[in-house]
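Visitor: Got a structure for you, target_1.tsv, holding TSV, C-alpha atoms.
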```
chain	number	residue	atom	x	y	z
O	1	MET	CA	-4.44	-5.83	4.17
O	2	THR	CA	-6.58	-6.88	1.19
O	3	GLY	CA	-10.08	-7.58	2.52
O	4	PHE	CA	-10.11	-10.02	5.42
O	5	GLN	CA	-7.71	-12.47	3.81
O	6	PRO	CA	-3.94	-12.70	4.31
O	7	VAL	CA	-1.48	-11.46	1.72
O	8	ILE	CA	2.12	-12.39	1.07
O	9	GLY	CA	4.99	-9.97	1.57
O	10	LEU	CA	8.20	-10.75	-0.33
O	11	ASP	CA	11.52	-9.02	0.34
O	12	LEU	CA	13.93	-9.63	-2.53
O	13	GLY	CA	17.58	-8.78	-2.00
O	14	GLY	CA	20.83	-9.75	-3.62
O	15	THR	CA	21.51	-12.57	-1.16
O	16	LYS	CA	18.12	-13.75	0.11
O	17	ILE	CA	14.40	-13.85	-0.52
O	18	ASP	CA	12.27	-13.42	2.60
O	19	ALA	CA	8.57	-14.26	2.49
O	20	ALA	CA	5.86	-13.79	5.07
O	21	LEU	CA	2.18	-14.62	5.13
O	22	VAL	CA	0.66	-11.52	6.70
O	23	GLY	CA	-2.80	-11.39	8.24
O	24	ALA	CA	-5.26	-8.54	7.82
O	25	ASP	CA	-4.15	-7.09	11.18
O	26	GLY	CA	-0.46	-7.14	10.21
O	27	THR	CA	0.35	-10.32	12.14
O	28	ILE	CA	2.93	-12.57	10.50
O	29	LEU	CA	1.36	-16.02	10.22
O	30	ALA	CA	4.22	-17.88	8.51
O	31	ARG	CA	7.72	-17.23	7.20
O	32	HIS	CA	10.12	-18.72	4.69
O	33	ARG	CA	13.56	-17.74	3.42
O	34	VAL	CA	15.70	-18.97	0.52
O	35	PRO	CA	18.97	-17.74	-1.03
O	36	THR	CA	18.62	-15.51	-4.06
O	37	PRO	CA	20.01	-17.21	-7.19
O	38	ALA	CA	21.46	-13.85	-8.16
O	39	GLY	CA	24.00	-15.20	-10.60
O	40	GLU	CA	21.51	-17.32	-12.55
O	41	GLY	CA	19.48	-14.56	-14.15
O	42	SER	CA	16.08	-12.98	-13.68
O	43	ALA	CA	14.02	-16.03	-14.69
O	44	ALA	CA	15.69	-18.11	-11.99
O	45	VAL	CA	15.04	-15.36	-9.45
O	46	LEU	CA	11.35	-15.22	-10.38
O	47	ASP	CA	11.16	-19.02	-10.13
O	48	ALA	CA	12.71	-18.88	-6.65
O	49	MET	CA	10.25	-16.20	-5.58
O	50	ALA	CA	7.33	-18.31	-6.79
O	51	SER	CA	8.69	-21.32	-4.93
O	52	THR	CA	8.99	-19.23	-1.77
O	53	VAL	CA	5.36	-18.17	-2.13
O	54	SER	CA	4.30	-21.82	-2.33
O	55	ALA	CA	6.39	-22.70	0.71
O	56	VAL	CA	5.02	-19.94	2.92
O	57	LEU	CA	1.45	-20.77	1.89
O	58	GLY	CA	2.11	-24.38	2.84
O	59	GLN	CA	3.23	-23.29	6.28
O	60	GLY	CA	0.10	-21.18	6.66
O	61	GLY	CA	-2.21	-24.18	6.80
O	62	ASN	CA	-5.64	-23.36	5.41
O	63	ALA	CA	-4.92	-19.67	4.81
O	64	ASN	CA	-5.49	-18.40	1.28
O	65	ALA	CA	-3.54	-15.35	0.19
O	66	THR	CA	-5.34	-12.86	-2.03
O	67	ALA	CA	-2.28	-11.02	-3.39
O	68	ILE	CA	1.49	-10.68	-3.27
O	69	GLY	CA	3.43	-7.55	-2.46
O	70	VAL	CA	7.09	-7.46	-3.49
O	71	ALA	CA	9.75	-5.18	-2.03
O	72	ALA	CA	12.64	-5.58	-4.46
O	73	ALA	CA	16.14	-4.33	-5.00
O	74	GLY	CA	16.62	-1.95	-7.91
O	75	VAL	CA	14.64	0.90	-9.40
O	76	ILE	CA	11.08	-0.41	-9.58
O	77	ASN	CA	8.19	1.21	-11.43
O	78	PRO	CA	5.04	0.19	-9.52
O	79	VAL	CA	2.75	1.28	-12.36
O	80	THR	CA	4.34	-0.92	-15.01
O	81	GLY	CA	5.64	-3.57	-12.63
O	82	MET	CA	9.04	-3.36	-14.33
O	83	VAL	CA	12.58	-3.18	-12.98
O	84	THR	CA	13.69	-0.04	-14.79
O	85	SER	CA	17.28	-0.02	-13.55
O	86	ALA	CA	19.51	-2.15	-11.34
O	87	THR	CA	23.11	-2.93	-10.49
O	88	ASP	CA	24.69	-6.24	-11.48
O	89	THR	CA	24.08	-7.71	-8.01
O	90	ILE	CA	21.28	-9.73	-9.63
O	91	ARG	CA	22.35	-10.73	-13.14
O	92	GLY	CA	20.01	-9.41	-15.82
O	93	TRP	CA	17.65	-7.83	-13.30
O	94	ALA	CA	17.25	-4.52	-15.16
O	95	GLY	CA	14.35	-4.77	-17.61
O	96	THR	CA	12.65	-7.65	-15.81
O	97	ALA	CA	8.83	-7.77	-15.90
O	98	LEU	CA	8.72	-8.40	-12.16
O	99	ALA	CA	4.99	-8.14	-11.46
O	100	ALA	CA	3.81	-9.90	-14.61
O	101	GLY	CA	6.40	-12.65	-14.30
O	102	LEU	CA	5.58	-13.46	-10.69
O	103	ALA	CA	1.81	-13.21	-11.24
O	104	ALA	CA	2.06	-15.67	-14.14
O	105	ARG	CA	4.01	-18.12	-11.99
O	106	THR	CA	1.77	-17.94	-8.90
O	107	GLY	CA	-1.71	-17.15	-10.23
O	108	LEU	CA	-1.97	-14.27	-7.76
O	109	PRO	CA	-2.09	-10.51	-8.43
O	110	VAL	CA	1.17	-8.75	-7.62
O	111	ALA	CA	2.08	-5.24	-6.46
O	112	CYS	CA	5.74	-4.26	-6.38
O	113	ASP	CA	8.03	-1.43	-5.36
O	114	ASN	CA	11.58	-0.67	-4.33
O	115	ASP	CA	12.54	-2.39	-1.07
O	116	VAL	CA	13.47	0.78	0.82
O	117	ARG	CA	10.25	2.57	-0.15
O	118	ALA	CA	8.28	-0.44	1.04
O	119	ALA	CA	10.07	-0.42	4.40
O	120	ALA	CA	9.48	3.32	4.72
O	121	ALA	CA	5.75	2.81	4.28
O	122	THR	CA	5.63	1.02	7.64
O	123	GLU	CA	6.97	4.18	9.29
O	124	LEU	CA	4.12	6.38	8.10
O	125	THR	CA	1.87	4.96	10.80
O	126	ARG	CA	4.16	6.60	13.38
O	127	ALA	CA	4.04	10.01	11.74
O	128	GLU	CA	1.75	12.83	12.75
O	129	GLY	CA	-1.68	12.49	11.14
O	130	ALA	CA	-2.93	11.39	7.75
O	131	ASP	CA	-1.10	14.22	5.99
O	132	ALA	CA	2.28	13.34	7.49
O	133	SER	CA	5.52	13.81	5.58
O	134	LEU	CA	8.58	11.62	6.03
O	135	LEU	CA	12.20	11.38	4.96
O	136	TYR	CA	13.66	7.87	5.18
O	137	LEU	CA	17.33	7.02	4.73
O	138	ALA	CA	18.70	3.48	4.61
O	139	VAL	CA	22.48	3.07	4.76
O	140	GLY	CA	23.99	-0.37	4.19
O	141	THR	CA	25.97	-1.78	1.28
O	142	GLY	CA	24.29	1.03	-0.66
O	143	VAL	CA	22.36	4.16	0.24
O	144	GLY	CA	18.63	4.15	-0.41
O	145	GLY	CA	15.73	6.17	0.78
O	146	ALA	CA	12.17	7.30	0.45
O	147	VAL	CA	10.17	10.51	0.56
O	148	ALA	CA	6.55	10.57	1.76
O	149	VAL	CA	4.31	13.61	1.34
O	150	ALA	CA	0.73	13.93	2.60
O	151	GLY	CA	0.81	10.38	3.92
O	152	ARG	CA	1.92	8.80	0.65
O	153	VAL	CA	5.31	7.46	-0.39
O	154	LEU	CA	6.35	9.07	-3.66
O	155	THR	CA	7.42	6.81	-6.52
O	156	GLY	CA	8.15	9.43	-9.16
O	157	ALA	CA	8.82	9.07	-12.87
O	158	ALA	CA	10.03	5.55	-13.76
O	159	GLY	CA	9.98	4.68	-10.03
O	160	ILE	CA	13.10	6.73	-9.31
O	161	ALA	CA	11.90	8.78	-6.31
O	162	GLY	CA	13.75	8.30	-3.05
O	163	HIS	CA	17.16	7.15	-4.31
O	164	LEU	CA	18.97	9.45	-1.91
O	165	GLY	CA	22.31	7.75	-2.42
O	166	HIS	CA	22.59	9.37	-5.83
O	167	LEU	CA	22.42	12.95	-4.63
O	168	PRO	CA	25.64	14.95	-5.09
O	169	SER	CA	27.90	15.05	-2.05
O	170	PRO	CA	30.97	17.30	-1.73
O	171	GLU	CA	32.65	14.65	0.42
O	172	ALA	CA	32.37	12.18	-2.49
O	173	ALA	CA	33.81	14.50	-5.16
O	174	GLY	CA	35.59	12.44	-7.81
O	175	LEU	CA	34.63	9.10	-6.28
O	176	PRO	CA	32.87	6.51	-8.46
O	177	CYS	CA	29.26	5.54	-7.72
O	178	THR	CA	27.57	2.23	-8.47
O	179	CYS	CA	25.25	4.04	-10.88
O	180	GLY	CA	28.20	4.92	-13.12
O	181	ALA	CA	28.43	8.58	-12.16
O	182	THR	CA	30.88	10.21	-9.76
O	183	GLY	CA	30.49	12.32	-6.64
O	184	HIS	CA	27.32	10.74	-5.26
O	185	LEU	CA	26.59	10.21	-1.57
O	186	GLU	CA	26.70	6.41	-1.84
O	187	GLY	CA	30.38	6.55	-2.79
O	188	ILE	CA	31.40	7.90	0.61
O	189	ALA	CA	28.53	7.08	2.99
O	190	ALA	CA	27.65	3.43	2.24
O	191	GLY	CA	29.48	0.66	4.08
O	192	PRO	CA	31.82	-0.13	1.16
O	193	GLY	CA	32.37	3.60	0.64
O	194	ILE	CA	33.53	4.09	4.23
O	195	ALA	CA	35.79	1.04	3.99
O	196	ALA	CA	37.24	2.30	0.69
O	197	GLN	CA	37.94	5.71	2.23
O	198	TYR	CA	39.88	4.05	5.04
O	199	ALA	CA	41.86	2.04	2.50
O	200	ARG	CA	42.68	5.15	0.44
O	201	VAL	CA	44.04	7.00	3.46
O	202	THR	CA	46.01	4.07	4.86
O	203	GLY	CA	47.17	2.57	1.57
O	204	THR	CA	45.69	-0.81	2.45
O	205	VAL	CA	43.40	-3.20	0.59
O	206	PRO	CA	39.72	-2.37	1.27
O	207	GLY	CA	38.08	-4.69	3.76
O	208	PRO	CA	34.61	-4.94	5.31
O	209	LEU	CA	33.12	-2.05	7.25
O	210	GLN	CA	33.08	-4.19	10.39
O	211	ARG	CA	36.88	-4.28	10.35
O	212	VAL	CA	37.07	-0.50	10.06
O	213	ALA	CA	34.54	-0.13	12.90
O	214	ALA	CA	36.56	-2.49	15.10
O	215	ARG	CA	39.70	-0.47	14.48
O	216	ALA	CA	37.85	2.73	15.27
O	217	GLU	CA	36.82	1.28	18.62
O	218	LEU	CA	40.50	0.66	19.34
O	219	GLY	CA	41.28	4.31	18.66
O	220	ASP	CA	42.54	4.10	15.07
O	221	ALA	CA	42.35	7.75	13.98
O	222	HIS	CA	42.04	6.93	10.27
O	223	ALA	CA	39.17	4.52	10.90
O	224	MET	CA	37.39	7.05	13.07
O	225	ALA	CA	37.86	9.74	10.41
O	226	ALA	CA	36.47	7.52	7.62
O	227	ILE	CA	33.37	6.65	9.64
O	228	THR	CA	32.84	10.25	10.68
O	229	LEU	CA	33.23	11.52	7.11
O	230	GLY	CA	30.64	9.08	5.76
O	231	ALA	CA	28.21	9.94	8.55
O	232	GLN	CA	28.68	13.68	8.09
O	233	ALA	CA	28.08	13.41	4.34
O	234	ALA	CA	24.81	11.57	4.95
O	235	GLY	CA	23.76	14.03	7.65
O	236	ARG	CA	24.34	17.05	5.44
O	237	VAL	CA	22.32	15.59	2.58
O	238	LEU	CA	19.49	14.72	4.95
O	239	GLY	CA	19.54	18.18	6.48
O	240	GLY	CA	19.35	19.83	3.09
O	241	LEU	CA	16.45	17.61	2.06
O	242	ALA	CA	14.67	18.41	5.31
O	243	ASN	CA	14.93	22.11	4.49
O	244	ALA	CA	13.44	21.41	1.06
O	245	PHE	CA	10.56	19.15	2.15
O	246	GLY	CA	9.83	20.12	5.75
O	247	PRO	CA	9.15	16.56	6.95
O	248	HIS	CA	7.38	15.71	10.20
O	249	ARG	CA	9.85	12.86	10.79
O	250	VAL	CA	13.26	11.76	9.52
O	251	VAL	CA	14.00	8.06	9.96
O	252	VAL	CA	17.38	6.36	9.53
O	253	ALA	CA	17.64	2.63	8.86
O	254	GLY	CA	20.23	0.08	7.75
O	255	GLY	CA	23.24	-1.69	9.18
O	256	VAL	CA	25.76	1.16	8.95
O	257	PRO	CA	24.04	3.46	11.49
O	258	ARG	CA	24.16	0.58	13.96
O	259	ILE	CA	27.96	0.31	14.01
O	260	GLY	CA	28.16	2.57	17.04
O	261	ALA	CA	27.82	5.98	18.64
O	262	LEU	CA	30.67	7.46	16.58
O	263	TYR	CA	28.65	7.17	13.39
O	264	TRP	CA	25.30	8.13	14.87
O	265	ASN	CA	26.60	11.20	16.69
O	266	ALA	CA	28.38	12.51	13.59
O	267	LEU	CA	25.27	11.89	11.49
O	268	ARG	CA	23.01	13.64	14.00
O	269	ASP	CA	25.28	16.65	14.45
O	270	ALA	CA	25.77	17.18	10.71
O	271	PHE	CA	22.03	16.89	10.12
O	272	SER	CA	21.16	19.39	12.85
O	273	ALA	CA	23.78	21.87	11.64
O	274	GLU	CA	22.09	22.10	8.22
O	275	LEU	CA	18.56	22.76	9.47
O	276	MET	CA	16.86	26.12	9.03
O	277	SER	CA	15.53	27.69	12.23
O	278	PRO	CA	11.88	26.53	11.87
O	279	LEU	CA	13.15	22.93	11.86
O	280	ARG	CA	15.57	23.16	14.77
O	281	GLU	CA	13.51	20.75	16.87
O	282	LEU	CA	13.51	18.04	14.19
O	283	ARG	CA	15.43	14.95	15.27
O	284	LEU	CA	16.69	11.82	13.54
O	285	THR	CA	14.97	8.65	14.73
O	286	PRO	CA	15.87	4.99	14.17
O	287	THR	CA	13.43	2.54	12.63
O	288	ALA	CA	10.52	1.39	14.76
O	289	PRO	CA	11.52	-1.37	17.22
O	290	ARG	CA	8.11	-2.98	16.75
O	291	VAL	CA	8.92	-3.50	13.07
O	292	GLY	CA	12.64	-4.27	13.19
O	293	HIS	CA	13.80	-6.78	10.59
O	294	ASP	CA	10.20	-7.34	9.44
O	295	ALA	CA	9.94	-3.84	7.96
O	296	ALA	CA	10.52	-4.96	4.38
O	297	VAL	CA	8.07	-7.90	4.35
O	298	LEU	CA	5.40	-5.92	6.21
O	299	GLY	CA	5.92	-2.97	3.89
O	300	ALA	CA	5.71	-5.33	0.92
O	301	ALA	CA	2.40	-6.69	2.18
O	302	THR	CA	1.09	-3.14	2.53
O	303	LEU	CA	1.80	-2.52	-1.16
O	304	THR	CA	-1.14	-4.77	-2.07
O	305	ARG	CA	-3.55	-2.11	-0.84
O	306	THR	CA	-1.69	1.03	-1.91
O	307	LEU	CA	-0.31	0.25	-5.38
O	308	PRO	CA	-1.66	-1.22	-8.64
O	309	LEU	CA	-2.16	-4.97	-8.64
O	310	HIS	CA	-0.85	-6.71	-11.76
O	311	THR	CA	-3.03	-9.71	-12.56
O	312	PRO	CA	-1.91	-13.19	-13.66
O	313	SER	CA	-2.83	-12.37	-17.26
O	314	THR	CA	0.55	-10.53	-17.26
O	315	THR	CA	-1.13	-7.55	-18.94
O	316	GLY	CA	-4.09	-6.64	-16.76
O	317	VAL	CA	-3.84	-4.24	-13.87
O	318	SER	CA	-6.58	-3.89	-11.27
O	319	ARG	CA	-7.47	-1.00	-8.97
```
Is it possible to express this structure as structure tokens?
Guide:
Amino acid sequence: MTGFQPVIGLDLGGTKIDAALVGADGTILARHRVPTPAGEGSAAVLDAMASTVSAVLGQGGNANATAIGVAAAGVINPVTGMVTSATDTIRGWAGTALAAGLAARTGLPVACDNDVRAAAATELTRAEGADASLLYLAVGTGVGGAVAVAGRVLTGAAGIAGHLGHLPSPEAAGLPCTCGATGHLEGIAAGPGIAAQYARVTGTVPGPLQRVAARAELGDAHAMAAITLGAQAAGRVLGGLANAFGPHRVVVAGGVPRIGALYWNALRDAFSAELMSPLRELRLTPTAPRVGHDAAVLGAATLTRTLPLHTPSTTGVSR
């Protein structure tokens, strides 16, 4: 990480803030977790993040962190350090000066990016060579992703690159998306989207994906069809993107792909069916076991050496 000193990786989600003190070799030296005060506004969230930084430093003994990397929910612009767009999961999160606000509260320089892009960065070390390309899909309560070309995760204009859940999907035609549009992949492939599809077909009240998965295991044909449809939609989008980018690896993360073989097999088969002949040997792979649930905090820590560092002056940017 930065020099020979540890850095702090922060993973900010709608329900929790995870922090880790990460050594120069990638070893996690200390951890701390607090609930996200999502309903209290952005200032309260920044205060909680700063408090988490103090707590994890306290656990680290004599270690001094040189910077903070933040993997955050929402559309994050790493250059400006701003949250350019976000859902209402965190109240008032859109428009927040994330990097400047946290740097001012902690006295440490801050680099920030979208949480899924940060997690994807940890996968680049498994790709082929320094010029490796990567497609990364994360399917959970939403659908996120990342695209890496020539060994670098793309951020794009306004930090929008990699939001794969907002690609058009025929299977989602007419369905509302969290971004306000209709017909996007997230509306049919995310956990709530699969559960909503089951409810539409059965005429029941939507429940959690876990309930749909349990019914599928018992042979419920409607539950199996909803899971398969969501997986196929995601697989087709991924296959089309693979044809466009020609990635060396395609990685799938998130809780939804872990619900069982029914989902994974449908995802894999739909992906493979879309591939052009030069890519026929390309396979979907799960996230690295060595990273596991630490992907976001480790990826966040990595941001301190790959993205601009916003200094505690709230206006200065180094590197």
Visitor: Leaving out Leu303 (chain O) and any residue of its chain fewer than 2 positions from it, which residues lie within 8 Å of it when counting only C-alpha atoms, given as a ChimeraX atom specification?
Guide: /O:69-70,111-113,118,299-301,305-307
Visitor: At a cut-off of 6 Å, can you tabulate as a tab-separated table every residue of region 54-138 of chain O near region 234-255 of chain O together with its closest atom pair and the distance in Å to one decimal, using only C-alpha atoms and ordering rows by chain then number?
Guide:
```
residue	atom	partner	partner_atom	distance
O:Ser133	CA	O:Pro247	CA	4.8
O:Leu134	CA	O:Pro247	CA	5.1
O:Leu135	CA	O:Val250	CA	4.7
O:Tyr136	CA	O:Val251	CA	4.8
O:Leu137	CA	O:Val252	CA	4.8
O:Ala138	CA	O:Ala253	CA	4.5
```
Visitor: O:Leu298, O:Val153, O:Ala71, O:Met224: which is nearest Asp131 (chain O), counting only C-alpha atoms?
Guide: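 When distances to Asp131 (chain O) are compared using only C-alpha atoms, the smallest one comes from O:Val153.
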Visitor: Kindly compute an axis-aligned box around the listed atoms of region 166-176 of chain O, allowing 3 Å on each side, and express its centre and edge lengths in Å to one decimal as lines of an AutoDock Vina configuration file.
Guide:
```
center_x = 29.0
center_y = 11.9
center_z = -4.0
size_x = 19.2
size_y = 16.8
size_z = 14.9
```
Visitor: Quick check, in Å to one decimal: how far apart do CA of Val143 (chain O) and CA of Ala119 (chain O) lie?
Guide: 13.8 Å
Visitor: Just checking: using all atoms listed in the file, which residue out of O:Thr87, O:Thr36, O:Pro109, O:Ala121 ends up closest to Cys177 (chain O)?
Guide: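 Smallest distance to Cys177 (chain O) is found for O:Thr87.
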Visitor: With all atoms listed in the file as the basis for distance, which of O:Ile90, O:Leu209, O:Leu262, O:Ala296 is at the shortest distance from Glu40 (chain O)?
Guide: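 Nearest to Glu40 (chain O): O:Ile90.
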Visitor: Which residues are near Ala266 (chain O)? Cut-off 7 Å, only C-alpha atoms, ignore same chain within fewer than 2 positions. Put them as JSON, numbers by chain.
Guide: {"O": [228, 231, 232, 262, 263, 264, 268, 269, 270]}
Visitor: Determine the nearest neighbour of Gly39 (chain O) from the options O:Ser277, O:Gln210, O:Thr89, O:Gln5, counting all atoms listed in the file.
Guide: O:Thr89
Visitor: Report as a list of chain:residue names all protein, DNA and RNA residues lying within 7 Å of Pro6 (chain O), evaluated on only C-alpha atoms, omitting residues in the same chain fewer than 6 positions from it.
Guide: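 Residues near the query, excluding close chain neighbours: O:Leu21, O:Val22, O:Gly23, O:Ala24, O:Asn64, O:Ala65, O:Thr66.
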Visitor: Take the residues just selected and output them with C-alpha atoms as an mmCIF file, in the frame of the given file.
Guide:
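That gives us again-v5.cif:
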```cif
data_model
loop_
_atom_site.group_PDB
_atom_site.id
_atom_site.type_symbol
_atom_site.label_atom_id
_atom_site.label_comp_id
_atom_site.auth_asym_id
_atom_site.auth_seq_id
_atom_site.Cartn_x
_atom_site.Cartn_y
_atom_site.Cartn_z
ATOM 1 C CA LEU O 21 2.180 -14.620 5.130
ATOM 2 C CA VAL O 22 0.660 -11.520 6.700
ATOM 3 C CA GLY O 23 -2.800 -11.390 8.240
ATOM 4 C CA ALA O 24 -5.260 -8.540 7.820
ATOM 5 C CA ASN O 64 -5.490 -18.400 1.280
ATOM 6 C CA ALA O 65 -3.540 -15.350 0.190
ATOM 7 C CA THR O 66 -5.340 -12.860 -2.030
#
```
Visitor: Would you kindly return, as number ranges by chain, each protein, DNA or RNA residue with an atom no farther than 12 Å from any atom of Lys16 (chain O), considering all atoms listed in the file and excluding same-chain residues fewer than 3 positions away?
Guide: O: 10-13, 19, 32-38, 45, 48-49, 52, 72-73, 89-90
Visitor: Convert the current residue selection to file output with C-alpha atoms, as a tab-separated table (two decimals), in the coordinates of the input.
Guide:
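To be explicit, this is the file written out as again.tsv:
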```
chain	number	residue	atom	x	y	z
O	10	LEU	CA	8.20	-10.75	-0.33
O	11	ASP	CA	11.52	-9.02	0.34
O	12	LEU	CA	13.93	-9.63	-2.53
O	13	GLY	CA	17.58	-8.78	-2.00
O	19	ALA	CA	8.57	-14.26	2.49
O	32	HIS	CA	10.12	-18.72	4.69
O	33	ARG	CA	13.56	-17.74	3.42
O	34	VAL	CA	15.70	-18.97	0.52
O	35	PRO	CA	18.97	-17.74	-1.03
O	36	THR	CA	18.62	-15.51	-4.06
O	37	PRO	CA	20.01	-17.21	-7.19
O	38	ALA	CA	21.46	-13.85	-8.16
O	45	VAL	CA	15.04	-15.36	-9.45
O	48	ALA	CA	12.71	-18.88	-6.65
O	49	MET	CA	10.25	-16.20	-5.58
O	52	THR	CA	8.99	-19.23	-1.77
O	72	ALA	CA	12.64	-5.58	-4.46
O	73	ALA	CA	16.14	-4.33	-5.00
O	89	THR	CA	24.08	-7.71	-8.01
O	90	ILE	CA	21.28	-9.73	-9.63
```
Visitor: Name the closest residue to Val201 (chain O) among the candidates O:Leu218, O:Ala226, O:Ala161, O:Leu98; distances are taken between atoms, counting all atoms listed in the file.
Guide: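 Checking each candidate against Val201 (chain O), we get O:Ala226 as the closest.
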Visitor: What gap, in Å, lies between CA of Thr141 (chain O) and CA of Ala199 (chain O)?
Guide: 16.4 Å
Visitor: Find the residues around Thr106 (chain O) up to 9 Å (all atoms listed in the file counted), leave out those fewer than 2 positions away in its own chain, and share them as a PyMOL selection string.
Guide: chain O and resi 50-51+53-54+101-104+108-109+312
